[in-house]
file work_24.txt (compact mmCIF, C-alpha atoms and all ligand atoms)
# COMPACT_ATOMS: atom_id res chain seq x y z
CA MET A 265 -214.49 -149.01 -14.40
CA ASN A 266 -214.17 -150.43 -10.92
CA GLN A 267 -217.15 -152.75 -10.28
CA LEU A 268 -216.56 -153.07 -6.55
CA GLY A 269 -216.90 -149.32 -5.90
CA THR A 270 -213.34 -149.17 -4.62
CA GLY A 271 -212.23 -146.50 -7.04
CA ILE A 272 -211.47 -143.04 -5.67
CA SER A 273 -213.09 -139.73 -6.52
CA ILE A 274 -212.07 -136.38 -5.07
CA ILE A 275 -215.38 -134.59 -4.86
CA GLY A 276 -214.86 -131.44 -2.84
CA CYS A 277 -212.23 -129.01 -1.63
CA GLY A 278 -212.01 -126.10 0.75
CA SER A 279 -209.44 -123.82 2.29
CA ALA A 280 -208.86 -121.22 4.96
CA ALA A 281 -206.15 -118.71 5.75
CA PRO A 282 -205.66 -116.29 8.63
CA ALA A 283 -206.85 -112.72 7.99
CA THR A 284 -203.53 -111.04 8.79
CA SER A 285 -201.25 -110.50 5.82
CA LEU A 286 -197.55 -109.69 6.13
CA ASP A 287 -196.03 -108.26 2.95
CA ASN A 288 -192.36 -108.23 1.98
CA GLN A 289 -192.06 -104.58 2.91
CA ALA A 290 -193.05 -105.42 6.50
CA LEU A 291 -190.23 -107.98 6.67
CA THR A 292 -187.65 -105.32 5.82
CA HIS A 293 -188.26 -103.95 9.32
CA ILE A 294 -187.11 -107.15 11.01
CA VAL A 295 -184.35 -108.57 8.74
CA GLU A 296 -182.02 -107.14 6.11
CA THR A 297 -183.97 -107.89 2.95
CA SER A 298 -186.02 -106.21 0.23
CA ASP A 299 -189.25 -106.75 -1.62
CA GLU A 300 -187.18 -106.97 -4.81
CA TRP A 301 -184.93 -109.76 -3.43
CA ILE A 302 -187.81 -111.83 -2.05
CA ALA A 303 -190.06 -111.42 -5.09
CA SER A 304 -187.35 -112.14 -7.65
CA ARG A 305 -185.86 -115.13 -5.77
CA THR A 306 -189.10 -116.73 -4.64
CA GLY A 307 -192.15 -115.13 -6.29
CA ILE A 308 -193.56 -114.38 -2.83
CA ARG A 309 -195.04 -110.91 -2.15
CA GLU A 310 -197.06 -111.55 1.01
CA ARG A 311 -198.02 -114.36 3.36
CA ARG A 312 -200.79 -114.87 5.93
CA VAL A 313 -199.87 -115.31 9.57
CA ALA A 314 -202.04 -116.69 12.35
CA SER A 315 -202.57 -114.62 15.50
CA PRO A 316 -201.91 -116.17 18.93
CA GLN A 317 -205.70 -116.59 19.26
CA GLU A 318 -205.99 -118.63 16.05
CA SER A 319 -205.43 -122.37 16.27
CA LEU A 320 -204.54 -124.95 13.67
CA ALA A 321 -207.74 -126.81 14.54
CA GLN A 322 -209.81 -123.68 13.80
CA LEU A 323 -208.21 -123.12 10.40
CA ALA A 324 -208.46 -126.80 9.52
CA THR A 325 -212.10 -126.96 10.60
CA GLU A 326 -213.01 -123.95 8.44
CA ALA A 327 -211.28 -125.48 5.40
CA SER A 328 -213.01 -128.80 6.10
CA LYS A 329 -216.48 -127.25 6.33
CA ASN A 330 -215.95 -125.63 2.92
CA ALA A 331 -214.81 -128.94 1.43
CA LEU A 332 -217.75 -130.87 2.93
CA GLU A 333 -220.16 -128.25 1.61
CA MET A 334 -218.78 -128.56 -1.92
CA ALA A 335 -218.85 -132.36 -1.67
CA LYS A 336 -222.42 -132.27 -0.31
CA ILE A 337 -221.38 -134.61 2.47
CA GLU A 338 -222.62 -134.32 6.06
CA PRO A 339 -219.93 -134.57 8.76
CA GLN A 340 -221.73 -137.63 10.16
CA GLU A 341 -221.13 -139.45 6.86
CA LEU A 342 -217.35 -139.26 7.25
CA ASP A 343 -215.57 -142.50 8.08
CA LEU A 344 -212.06 -141.14 8.45
CA ILE A 345 -210.30 -137.79 8.97
CA ILE A 346 -206.59 -137.48 8.26
CA LEU A 347 -204.81 -134.30 9.26
CA ALA A 348 -201.46 -133.84 7.53
CA THR A 349 -199.48 -131.33 9.55
CA SER A 350 -196.12 -130.61 11.16
CA SER A 351 -197.49 -127.96 13.49
CA ALA A 352 -200.42 -129.47 15.37
CA ASP A 353 -201.75 -127.49 18.33
CA ASP A 354 -201.01 -130.56 20.42
CA LEU A 355 -198.20 -133.09 19.96
CA PHE A 356 -200.73 -135.84 20.71
CA GLY A 357 -202.56 -134.75 17.57
CA SER A 358 -205.21 -132.25 16.53
CA ALA A 359 -207.35 -134.45 14.26
CA GLY A 360 -209.56 -135.55 17.17
CA LEU A 361 -210.45 -131.97 18.05
CA ILE A 362 -211.31 -131.24 14.40
CA GLN A 363 -213.54 -134.32 14.38
CA ALA A 364 -215.37 -132.94 17.44
CA LYS A 365 -215.62 -129.41 16.01
CA LEU A 366 -217.13 -130.80 12.80
CA GLY A 367 -219.46 -133.18 14.63
CA ALA A 368 -218.09 -136.05 12.55
CA THR A 369 -219.16 -138.50 15.21
CA ARG A 370 -218.68 -141.68 13.17
CA ALA A 371 -215.20 -140.82 11.90
CA VAL A 372 -211.90 -142.07 13.22
CA ALA A 373 -209.32 -139.28 13.13
CA PHE A 374 -205.55 -139.13 13.25
CA ASP A 375 -202.62 -136.85 12.40
CA MET A 376 -199.80 -137.71 10.06
CA THR A 377 -196.55 -135.88 9.45
CA ALA A 378 -194.63 -135.75 6.22
CA ALA A 379 -193.82 -132.02 6.22
CA CYS A 380 -194.47 -130.37 2.87
CA SER A 381 -195.19 -133.76 1.29
CA GLY A 382 -197.96 -134.32 3.85
CA PHE A 383 -200.87 -133.70 1.51
CA VAL A 384 -199.65 -136.08 -1.22
CA PHE A 385 -198.67 -138.74 1.34
CA GLY A 386 -202.08 -138.25 2.98
CA LEU A 387 -203.89 -138.57 -0.33
CA VAL A 388 -202.23 -141.90 -0.99
CA THR A 389 -202.78 -143.08 2.60
CA ALA A 390 -206.46 -142.16 2.48
CA SER A 391 -206.90 -143.86 -0.87
CA GLN A 392 -205.66 -147.18 0.55
CA PHE A 393 -208.62 -147.27 2.96
CA ILE A 394 -210.98 -146.78 0.02
CA ARG A 395 -209.20 -149.26 -2.25
CA THR A 396 -209.50 -151.97 0.39
CA GLY A 397 -213.21 -151.27 0.77
CA THR A 398 -212.74 -150.26 4.42
CA TYR A 399 -214.06 -146.70 4.25
CA ARG A 400 -216.31 -144.74 1.87
CA ASN A 401 -215.98 -141.06 2.79
CA ILE A 402 -212.68 -139.55 3.88
CA LEU A 403 -211.70 -136.00 4.77
CA LEU A 404 -208.05 -135.20 4.14
CA ILE A 405 -206.71 -131.94 5.55
CA GLY A 406 -203.33 -130.32 4.99
CA ALA A 407 -202.72 -127.53 7.50
CA ASP A 408 -199.75 -125.76 9.01
CA ILE A 409 -198.97 -122.74 11.15
CA LEU A 410 -195.22 -122.56 10.62
CA SER A 411 -195.11 -118.91 11.76
CA ARG A 412 -194.98 -120.49 15.23
CA TRP A 413 -191.70 -122.21 14.37
CA VAL A 414 -189.98 -119.83 12.00
CA ASP A 415 -186.88 -118.00 13.23
CA TRP A 416 -188.03 -114.43 12.58
CA LYS A 417 -184.41 -113.29 12.80
CA ASP A 418 -183.26 -115.59 9.96
CA ARG A 419 -183.76 -113.88 6.61
CA ARG A 420 -183.05 -117.12 4.71
CA THR A 421 -186.19 -118.78 6.07
CA CYS A 422 -188.58 -116.23 7.59
CA ILE A 423 -189.41 -114.77 4.18
CA LEU A 424 -190.69 -118.10 2.86
CA PHE A 425 -193.40 -119.43 5.10
CA GLY A 426 -197.06 -118.62 5.61
CA ASP A 427 -199.99 -120.19 7.45
CA GLY A 428 -203.09 -121.89 6.07
CA ALA A 429 -205.25 -124.97 5.67
CA GLY A 430 -206.76 -126.88 2.78
CA ALA A 431 -208.98 -129.94 2.68
CA VAL A 432 -210.42 -132.41 0.21
CA VAL A 433 -213.16 -135.04 0.44
CA LEU A 434 -212.42 -138.44 -1.09
CA GLN A 435 -215.22 -140.84 -1.84
CA ALA A 436 -215.44 -144.46 -2.98
CA SER A 437 -216.69 -144.63 -6.55
CA GLU A 438 -216.98 -147.05 -9.43
CA LYS A 439 -214.71 -145.01 -11.66
CA ASP A 440 -211.19 -144.68 -10.29
CA ASN A 441 -209.95 -141.10 -10.57
CA LEU A 442 -206.68 -141.63 -8.71
CA LEU A 443 -204.68 -142.60 -11.74
CA GLY A 444 -201.19 -143.11 -10.39
CA PHE A 445 -198.78 -142.15 -7.62
CA GLU A 446 -195.22 -142.51 -6.39
CA LEU A 447 -193.84 -141.69 -2.93
CA ARG A 448 -190.19 -141.41 -1.93
CA SER A 449 -188.04 -140.72 1.15
CA ASP A 450 -184.34 -140.17 1.71
CA GLY A 451 -183.40 -139.70 5.35
CA ALA A 452 -179.78 -139.09 4.35
CA GLY A 453 -180.83 -135.52 3.56
CA TYR A 454 -182.75 -135.12 6.84
CA HIS A 455 -180.40 -132.45 8.23
CA ASN A 456 -181.14 -130.07 5.33
CA LEU A 457 -184.55 -129.04 6.69
CA GLN A 458 -185.44 -129.48 10.32
CA LEU A 459 -187.76 -128.44 13.10
CA ALA A 460 -185.88 -130.49 15.64
CA TYR A 461 -186.29 -131.28 19.31
CA GLN A 462 -183.50 -129.88 21.47
CA PRO A 463 -182.87 -132.16 24.48
CA GLN A 464 -182.44 -130.57 27.89
CA PRO A 465 -181.35 -132.97 30.64
CA TYR A 466 -183.59 -133.11 33.72
CA GLU A 467 -182.73 -135.24 36.72
CA ILE A 468 -185.88 -136.86 38.10
CA ILE A 469 -184.06 -138.60 40.95
CA PRO A 470 -180.30 -138.99 41.41
CA GLY A 471 -178.99 -141.16 38.59
CA VAL A 472 -182.15 -140.98 36.44
CA ASP A 473 -182.10 -138.27 33.80
CA VAL A 474 -184.72 -137.60 31.18
CA SER A 475 -184.96 -134.83 28.61
CA GLN A 476 -187.29 -131.88 29.16
CA GLY A 477 -186.36 -129.78 26.17
CA GLY A 478 -188.28 -127.99 23.49
CA TYR A 479 -188.38 -127.61 19.75
CA ASN A 480 -185.85 -125.46 17.94
CA ARG A 481 -186.79 -123.02 15.20
CA ILE A 482 -186.82 -124.15 11.56
CA THR A 483 -183.36 -124.54 10.02
CA MET A 484 -182.84 -125.05 6.30
CA ASN A 485 -180.08 -125.41 3.74
CA GLY A 486 -182.00 -123.58 1.01
CA GLN A 487 -179.64 -124.33 -1.84
CA GLU A 488 -179.61 -128.07 -1.10
CA ILE A 489 -183.42 -128.20 -0.89
CA TYR A 490 -183.65 -126.22 -4.12
CA ARG A 491 -181.33 -128.63 -5.96
CA PHE A 492 -183.13 -131.65 -4.50
CA ALA A 493 -186.54 -130.34 -5.56
CA VAL A 494 -185.58 -129.44 -9.11
CA LYS A 495 -183.95 -132.85 -9.65
CA LYS A 496 -186.32 -135.20 -7.80
CA VAL A 497 -189.74 -133.67 -8.42
CA PRO A 498 -189.75 -134.13 -12.23
CA GLU A 499 -188.56 -137.73 -11.72
CA VAL A 500 -191.34 -138.58 -9.30
CA ILE A 501 -194.03 -136.94 -11.46
CA GLU A 502 -192.74 -138.91 -14.47
CA LYS A 503 -192.99 -142.10 -12.42
CA ALA A 504 -196.55 -141.32 -11.31
CA LEU A 505 -197.48 -140.48 -14.92
CA PHE A 506 -195.99 -143.78 -16.06
CA ARG A 507 -198.15 -145.62 -13.52
CA ALA A 508 -201.16 -143.66 -14.78
CA ASN A 509 -200.25 -144.60 -18.34
CA LEU A 510 -200.13 -140.92 -19.27
CA THR A 511 -197.55 -138.51 -20.63
CA SER A 512 -196.87 -134.98 -19.43
CA ASP A 513 -198.70 -133.40 -22.39
CA GLN A 514 -201.91 -135.07 -21.13
CA ILE A 515 -201.85 -133.11 -17.86
CA ASP A 516 -204.32 -130.23 -17.64
CA TRP A 517 -202.84 -128.75 -14.45
CA LEU A 518 -199.65 -129.04 -12.43
CA ILE A 519 -200.17 -128.27 -8.73
CA MET A 520 -196.87 -128.55 -6.94
CA HIS A 521 -196.03 -127.76 -3.37
CA GLN A 522 -195.76 -123.96 -3.37
CA ALA A 523 -192.21 -123.40 -2.15
CA ASN A 524 -190.57 -121.14 -4.71
CA GLN A 525 -191.76 -119.85 -8.10
CA ARG A 526 -188.34 -120.67 -9.54
CA ILE A 527 -188.82 -124.33 -8.54
CA LEU A 528 -192.28 -124.40 -10.16
CA ASP A 529 -190.87 -122.86 -13.35
CA ALA A 530 -187.83 -125.15 -13.48
CA VAL A 531 -189.87 -128.33 -12.97
CA ALA A 532 -192.43 -127.29 -15.60
CA GLN A 533 -189.66 -126.42 -18.03
CA ARG A 534 -187.89 -129.75 -17.51
CA MET A 535 -191.16 -131.59 -18.07
CA LYS A 536 -192.14 -129.41 -21.03
CA ILE A 537 -195.37 -128.39 -19.34
CA GLU A 538 -196.71 -125.01 -20.51
CA PRO A 539 -196.51 -122.23 -17.87
CA GLU A 540 -200.30 -121.61 -18.20
CA LYS A 541 -200.91 -125.08 -16.72
CA VAL A 542 -198.86 -124.41 -13.59
CA ILE A 543 -201.00 -123.35 -10.64
CA SER A 544 -199.32 -120.85 -8.32
CA ASN A 545 -200.57 -118.86 -5.36
CA LEU A 546 -197.08 -118.20 -4.00
CA ALA A 547 -197.32 -114.44 -4.44
CA HIS A 548 -200.11 -114.19 -1.87
CA HIS A 549 -199.53 -117.15 0.44
CA GLY A 550 -195.84 -118.13 0.38
CA ASN A 551 -194.99 -121.65 1.47
CA THR A 552 -197.80 -123.01 3.64
CA SER A 553 -196.23 -126.48 3.96
CA ALA A 554 -198.83 -129.28 4.07
CA ALA A 555 -201.58 -126.78 3.23
CA SER A 556 -200.04 -125.46 0.04
CA ILE A 557 -201.38 -127.99 -2.47
CA PRO A 558 -205.01 -128.16 -1.25
CA LEU A 559 -205.05 -124.37 -0.78
CA ALA A 560 -203.89 -123.81 -4.37
CA LEU A 561 -206.27 -126.52 -5.63
CA ASP A 562 -209.24 -124.96 -3.84
CA GLN A 563 -208.52 -121.48 -5.16
CA ALA A 564 -208.14 -122.77 -8.74
CA VAL A 565 -211.39 -124.77 -8.50
CA ARG A 566 -213.35 -121.84 -7.05
CA GLU A 567 -211.92 -119.47 -9.69
CA GLY A 568 -213.37 -121.85 -12.28
CA LYS A 569 -209.94 -122.74 -13.69
CA ILE A 570 -210.06 -126.42 -12.76
CA LYS A 571 -213.15 -128.24 -14.00
CA ALA A 572 -214.58 -131.73 -13.50
CA GLY A 573 -212.66 -134.24 -15.58
CA ASP A 574 -209.42 -132.23 -15.67
CA VAL A 575 -206.26 -134.27 -15.11
CA ILE A 576 -204.12 -132.87 -12.31
CA ALA A 577 -200.54 -133.78 -11.51
CA THR A 578 -199.69 -132.90 -7.95
CA ALA A 579 -196.31 -133.14 -6.23
CA GLY A 580 -195.09 -132.45 -2.73
CA PHE A 581 -191.52 -132.27 -1.45
CA GLY A 582 -189.68 -131.19 1.64
CA ALA A 583 -188.33 -132.23 5.00
CA GLY A 584 -187.57 -135.86 5.64
CA LEU A 585 -186.44 -135.62 2.97
CA SER A 586 -189.69 -136.71 1.42
CA TRP A 587 -191.26 -136.25 -1.98
CA GLY A 588 -194.13 -137.71 -3.92
CA ALA A 589 -196.54 -137.21 -6.79
CA ALA A 590 -200.11 -138.23 -7.54
CA ILE A 591 -202.10 -137.95 -10.74
CA PHE A 592 -205.85 -137.61 -10.40
CA GLU A 593 -208.91 -136.54 -12.31
CA TRP A 594 -210.85 -133.77 -10.56
CA GLY A 595 -214.47 -134.24 -9.55
O1 LIG B 1 -191.06 -126.51 1.81
C1 LIG B 1 -189.70 -126.84 1.78
C2 LIG B 1 -189.08 -126.24 0.91
N1 LIG B 1 -188.09 -125.24 1.00
C3 LIG B 1 -187.67 -124.84 -0.19
O2 LIG B 1 -188.14 -125.25 -1.21
C4 LIG B 1 -186.55 -123.85 -0.22
C5 LIG B 1 -185.71 -124.06 -1.46
N2 LIG B 1 -184.72 -123.05 -1.57
C6 LIG B 1 -185.01 -121.80 -2.00
O3 LIG B 1 -186.13 -121.50 -2.31
C7 LIG B 1 -183.88 -120.83 -2.14
O4 LIG B 1 -182.65 -121.49 -1.90
C8 LIG B 1 -183.99 -119.60 -1.19
C9 LIG B 1 -185.14 -118.72 -1.64
C10 LIG B 1 -184.21 -120.05 0.22
C11 LIG B 1 -182.72 -118.79 -1.25
O5 LIG B 1 -182.49 -118.36 -2.59
P1 LIG B 1 -181.06 -118.57 -3.27
O6 LIG B 1 -181.14 -118.00 -4.61
O7 LIG B 1 -180.72 -120.03 -3.14
O8 LIG B 1 -180.14 -117.69 -2.37
P2 LIG B 1 -178.81 -118.10 -1.60
O9 LIG B 1 -179.14 -118.90 -0.39
O10 LIG B 1 -177.82 -118.64 -2.59
O11 LIG B 1 -178.29 -116.68 -1.12
C12 LIG B 1 -177.79 -115.71 -2.05
C13 LIG B 1 -177.47 -114.45 -1.29
C14 LIG B 1 -176.62 -114.70 -0.06
O12 LIG B 1 -175.73 -113.61 0.09
P3 LIG B 1 -174.17 -113.77 -0.27
O13 LIG B 1 -173.68 -114.88 0.60
O14 LIG B 1 -174.15 -114.16 -1.73
O15 LIG B 1 -173.64 -112.44 0.01
C15 LIG B 1 -177.63 -114.67 1.07
O16 LIG B 1 -177.03 -114.27 2.31
O17 LIG B 1 -178.67 -113.84 -0.82
C16 LIG B 1 -178.57 -113.61 0.58
N3 LIG B 1 -179.90 -113.74 1.16
C17 LIG B 1 -180.77 -112.70 1.22
N4 LIG B 1 -180.68 -111.43 0.81
C18 LIG B 1 -181.75 -110.63 0.99
C19 LIG B 1 -180.49 -114.84 1.69
N5 LIG B 1 -181.74 -114.54 2.10
C20 LIG B 1 -181.93 -113.22 1.82
C21 LIG B 1 -183.02 -112.34 1.99
N6 LIG B 1 -182.88 -111.07 1.56
N7 LIG B 1 -184.19 -112.74 2.55
call {"tool": "encode", "arguments": {"input": "work_24.txt", "output": "structure tokens"}}
result
Amino acid sequence: MNQLGTGISIIGCGSAAPATSLDNQALTHIVETSDEWIASRTGIRERRVASPQESLAQLATEASKNALEMAKIEPQELDLIILATSSADDLFGSAGLIQAKLGATRAVAFDMTAACSGFVFGLVTASQFIRTGTYRNILLIGADILSRWVDWKDRRTCILFGDGAGAVVLQASEKDNLLGFELRSDGAGYHNLQLAYQPQPYEIIPGVDVSQGGYNRITMNGQEIYRFAVKKVPEVIEKALFRANLTSDQIDWLIMHQANQRILDAVAQRMKIEPEKVISNLAHHGNTSAASIPLALDQAVREGKIKAGDVIATAGFGAGLSWGAAIFEWG
């Protein structure tokens, strides 16, 4: 029991995905692949893709409204909005626009980037503001539109990603439901997964050059990322469990970043977590980057799978390289 009211409860969730679905069969028209290959190697059967008219801010706002409704919180009660994303509509950030769209007039809003670990890193970041007694009500959004940045001619990556948004509302409470966490980075593996800026020299005046380039498409060493995930994710969940004073058999649900069904299965197997406890929406959404964990959480809560009091282990991993886990009690 936390007498100061600086414990953390996660009291609402919401999600949104674009209406357009692209199934594996459709991808066979643009790259040499098959439904059989994609489904057996990744578990993915279809993914949602945003149209040029759909913005990240729109998707994120829809997810946020659903989360606020479940939490029974008015937008004006929010103190802080954190948008975890790698594909903001605007490099200066999209959180401010979401704040305006929601009418969350009291809230300060900012973006943060930690690729597919963004939601877990955001959860821990948000919780620090509550722990210190600074803020009471926080909206955390994970949203990405990676279809904008995928190389649709590269069969090793274009089959993986989908677009979406998920959000949760965190609130200060007496009981602390964020039981433990662990975050890690290793920039030595940075080159294995990138959405990198490509410099293009531009001479402003003779002798003064700047760069006026653009961003490249996503590049990935899939095998390296696979090995990294299967090795590091169980370690980081174990560490977070240790901090929570729990063991893996006390977890009700495992919600990992949805990257590949084989990664979910391998991590669960290593940790001796029963397959029924592993939440997966990969078949229908693919890898939605920062959105994947809150999207899967929201679907499982609304399906009635996850109930108040359930202990959830969540883990994100990806570019950076970055990875992290958090253990929390739902509701
Ligand atoms: O959010 C960040 C996270 N990203 C990830 O978690 C990705 C982690 N990595 C993976 O999920 C897997 O490495 C992939 C799904 C990307 C690839 O699966 P894999 O079992 O590691 O395949 P591979 O890269 O070893 O490729 C095996 C073969 C190759 O052919 P050869 O060289 O053996 O003739 C590839 O060229 O499969 C080929 N291949 C494909 N074939 C049909 C690669 N992509 C495809 C494809 N369709 N889409």
call {"tool": "closest_residue", "arguments": {"input": "work_24.txt", "among": "A:Asn330, A:Gln289, A:Asn480, A:Gln363", "to": "ligand LIG 1 (chain B)", "atoms": "all atoms listed in the file"}}
result
A:Gln289
call {"tool": "closest_residue", "arguments": {"input": "work_24.txt", "among": "A:Asn441, A:Pro465, A:Ala560, A:Phe581", "to": "Ile489 (chain A)", "atoms": "all atoms listed in the file"}}
result
A:Phe581
call {"tool": "closest_residue", "arguments": {"input": "work_24.txt", "among": "A:Gly568, A:Gly269, A:Gly386, A:Gly426", "to": "Asn551 (chain A)", "atoms": "only C-alpha atoms"}}
result
A:Gly426
call {"tool": "closest_atom_pairs", "arguments": {"input": "work_24.txt", "of": "chain A", "to": "ligand LIG 1 (chain B)", "cutoff": "7 Å", "atoms": "only C-alpha atoms and all ligand atoms", "output": "tab-separated table"}}
result
residue	atom	partner	partner_atom	distance
A:Glu296	CA	B:LIG1	N6	6.1
A:Thr297	CA	B:LIG1	N6	3.6
A:Ser298	CA	B:LIG1	N6	5.9
A:Trp301	CA	B:LIG1	C18	5.5
A:Ile302	CA	B:LIG1	N7	5.9
A:Arg305	CA	B:LIG1	C9	5.5
A:Thr306	CA	B:LIG1	C9	5.4
A:Cys380	CA	B:LIG1	O1	5.3
A:Arg419	CA	B:LIG1	N7	4.2
A:Arg420	CA	B:LIG1	N5	3.9
A:Thr421	CA	B:LIG1	C10	6.3
A:Ile423	CA	B:LIG1	N7	5.8
A:Gly486	CA	B:LIG1	O4	3.6
A:Gln487	CA	B:LIG1	O4	4.1
A:Ile489	CA	B:LIG1	C5	4.8
A:Tyr490	CA	B:LIG1	C5	4.0
A:Ala493	CA	B:LIG1	O2	6.9
A:Ala523	CA	B:LIG1	O2	4.6
A:Asn524	CA	B:LIG1	O3	5.1
A:Asn551	CA	B:LIG1	O1	6.3
A:Ser553	CA	B:LIG1	O1	5.6
A:Phe581	CA	B:LIG1	C1	6.6
A:Gly582	CA	B:LIG1	C1	4.4
A:Ala583	CA	B:LIG1	C1	6.4
call {"tool": "closest_residue", "arguments": {"input": "work_24.txt", "among": "A:Ser319, A:Ile274, A:Asp354, A:Leu424", "to": "Asp287 (chain A)", "atoms": "all atoms listed in the file"}}
result
A:Leu424
call {"tool": "closest_atom_pairs", "arguments": {"input": "work_24.txt", "of": "region 374-451 of chain A", "to": "region 337-351 of chain A", "cutoff": "12 Å", "atoms": "all atoms listed in the file", "output": "Markdown table"}}
result
| residue | atom | partner | partner_atom | distance |
| --- | --- | --- | --- | --- |
| A:Phe374 | CA | A:Ile346 | CA | 5.4 |
| A:Asp375 | CA | A:Leu347 | CA | 4.6 |
| A:Met376 | CA | A:Ala348 | CA | 4.9 |
| A:Thr377 | CA | A:Thr349 | CA | 5.4 |
| A:Ala378 | CA | A:Ala348 | CA | 7.2 |
| A:Ala379 | CA | A:Ser350 | CA | 5.6 |
| A:Cys380 | CA | A:Thr349 | CA | 8.4 |
| A:Ser381 | CA | A:Ala348 | CA | 8.8 |
| A:Gly382 | CA | A:Ala348 | CA | 5.1 |
| A:Phe383 | CA | A:Ala348 | CA | 6.1 |
| A:Val384 | CA | A:Ala348 | CA | 9.2 |
| A:Phe385 | CA | A:Ala348 | CA | 8.4 |
| A:Gly386 | CA | A:Ala348 | CA | 6.4 |
| A:Leu387 | CA | A:Ile346 | CA | 9.1 |
| A:Val388 | CA | A:Ile346 | CA | 11.1 |
| A:Thr389 | CA | A:Ile346 | CA | 8.8 |
| A:Ala390 | CA | A:Ile346 | CA | 7.4 |
| A:Ser391 | CA | A:Leu344 | CA | 11.0 |
| A:Gln392 | CA | A:Leu344 | CA | 11.8 |
| A:Phe393 | CA | A:Leu344 | CA | 8.9 |
| A:Ile394 | CA | A:Leu344 | CA | 10.2 |
| A:Gly397 | CA | A:Asp343 | CA | 11.7 |
| A:Thr398 | CA | A:Asp343 | CA | 9.0 |
| A:Tyr399 | CA | A:Asp343 | CA | 5.9 |
| A:Arg400 | CA | A:Asp343 | CA | 6.6 |
| A:Asn401 | CA | A:Leu342 | CA | 5.0 |
| A:Ile402 | CA | A:Leu344 | CA | 4.9 |
| A:Leu403 | CA | A:Ile345 | CA | 4.8 |
| A:Leu404 | CA | A:Ile346 | CA | 4.9 |
| A:Ile405 | CA | A:Leu347 | CA | 4.8 |
| A:Gly406 | CA | A:Ala348 | CA | 4.7 |
| A:Ala407 | CA | A:Thr349 | CA | 5.4 |
| A:Asp408 | CA | A:Ser351 | CA | 5.5 |
| A:Ile409 | CA | A:Ser351 | CA | 5.9 |
| A:Leu410 | CA | A:Ser351 | CA | 6.5 |
| A:Ser411 | CA | A:Ser351 | CA | 9.5 |
| A:Arg412 | CA | A:Ser351 | CA | 8.1 |
| A:Trp413 | CA | A:Ser351 | CA | 8.2 |
| A:Val414 | CA | A:Ser351 | CA | 11.2 |
| A:Asp427 | CA | A:Ser351 | CA | 10.2 |
| A:Gly428 | CA | A:Thr349 | CA | 10.7 |
| A:Ala429 | CA | A:Thr349 | CA | 9.4 |
| A:Gly430 | CA | A:Ala348 | CA | 10.0 |
| A:Ala431 | CA | A:Leu347 | CA | 8.9 |
| A:Val432 | CA | A:Ile346 | CA | 10.3 |
| A:Val433 | CA | A:Ile337 | CA | 8.5 |
| A:Leu434 | CA | A:Leu342 | CA | 9.7 |
| A:Gln435 | CA | A:Leu342 | CA | 9.5 |
| A:Ala436 | CA | A:Asp343 | CA | 11.2 |
call {"tool": "write_last_selection", "arguments": {"input": "work_24.txt", "atoms": "C-alpha atoms", "output": "compact mmCIF listing (two decimals), in the coordinates of the input"}}
result
# COMPACT_ATOMS: atom_id res chain seq x y z
CA PHE A 374 -205.55 -139.13 13.25
CA ASP A 375 -202.62 -136.85 12.40
CA MET A 376 -199.80 -137.71 10.06
CA THR A 377 -196.55 -135.88 9.45
CA ALA A 378 -194.63 -135.75 6.22
CA ALA A 379 -193.82 -132.02 6.22
CA CYS A 380 -194.47 -130.37 2.87
CA SER A 381 -195.19 -133.76 1.29
CA GLY A 382 -197.96 -134.32 3.85
CA PHE A 383 -200.87 -133.70 1.51
CA VAL A 384 -199.65 -136.08 -1.22
CA PHE A 385 -198.67 -138.74 1.34
CA GLY A 386 -202.08 -138.25 2.98
CA LEU A 387 -203.89 -138.57 -0.33
CA VAL A 388 -202.23 -141.90 -0.99
CA THR A 389 -202.78 -143.08 2.60
CA ALA A 390 -206.46 -142.16 2.48
CA SER A 391 -206.90 -143.86 -0.87
CA GLN A 392 -205.66 -147.18 0.55
CA PHE A 393 -208.62 -147.27 2.96
CA ILE A 394 -210.98 -146.78 0.02
CA GLY A 397 -213.21 -151.27 0.77
CA THR A 398 -212.74 -150.26 4.42
CA TYR A 399 -214.06 -146.70 4.25
CA ARG A 400 -216.31 -144.74 1.87
CA ASN A 401 -215.98 -141.06 2.79
CA ILE A 402 -212.68 -139.55 3.88
CA LEU A 403 -211.70 -136.00 4.77
CA LEU A 404 -208.05 -135.20 4.14
CA ILE A 405 -206.71 -131.94 5.55
CA GLY A 406 -203.33 -130.32 4.99
CA ALA A 407 -202.72 -127.53 7.50
CA ASP A 408 -199.75 -125.76 9.01
CA ILE A 409 -198.97 -122.74 11.15
CA LEU A 410 -195.22 -122.56 10.62
CA SER A 411 -195.11 -118.91 11.76
CA ARG A 412 -194.98 -120.49 15.23
CA TRP A 413 -191.70 -122.21 14.37
CA VAL A 414 -189.98 -119.83 12.00
CA ASP A 427 -199.99 -120.19 7.45
CA GLY A 428 -203.09 -121.89 6.07
CA ALA A 429 -205.25 -124.97 5.67
CA GLY A 430 -206.76 -126.88 2.78
CA ALA A 431 -208.98 -129.94 2.68
CA VAL A 432 -210.42 -132.41 0.21
CA VAL A 433 -213.16 -135.04 0.44
CA LEU A 434 -212.42 -138.44 -1.09
CA GLN A 435 -215.22 -140.84 -1.84
CA ALA A 436 -215.44 -144.46 -2.98
call {"tool": "closest_residue", "arguments": {"input": "work_24.txt", "among": "A:Ala579, A:Ala532, A:Leu443, A:Ala290", "to": "Ser273 (chain A)", "atoms": "all atoms listed in the file"}}
result
A:Leu443
call {"tool": "closest_residue", "arguments": {"input": "work_24.txt", "among": "A:Val295, A:Ile272, A:Ser328, A:Glu499", "to": "Arg448 (chain A)", "atoms": "all atoms listed in the file"}}
result
A:Glu499
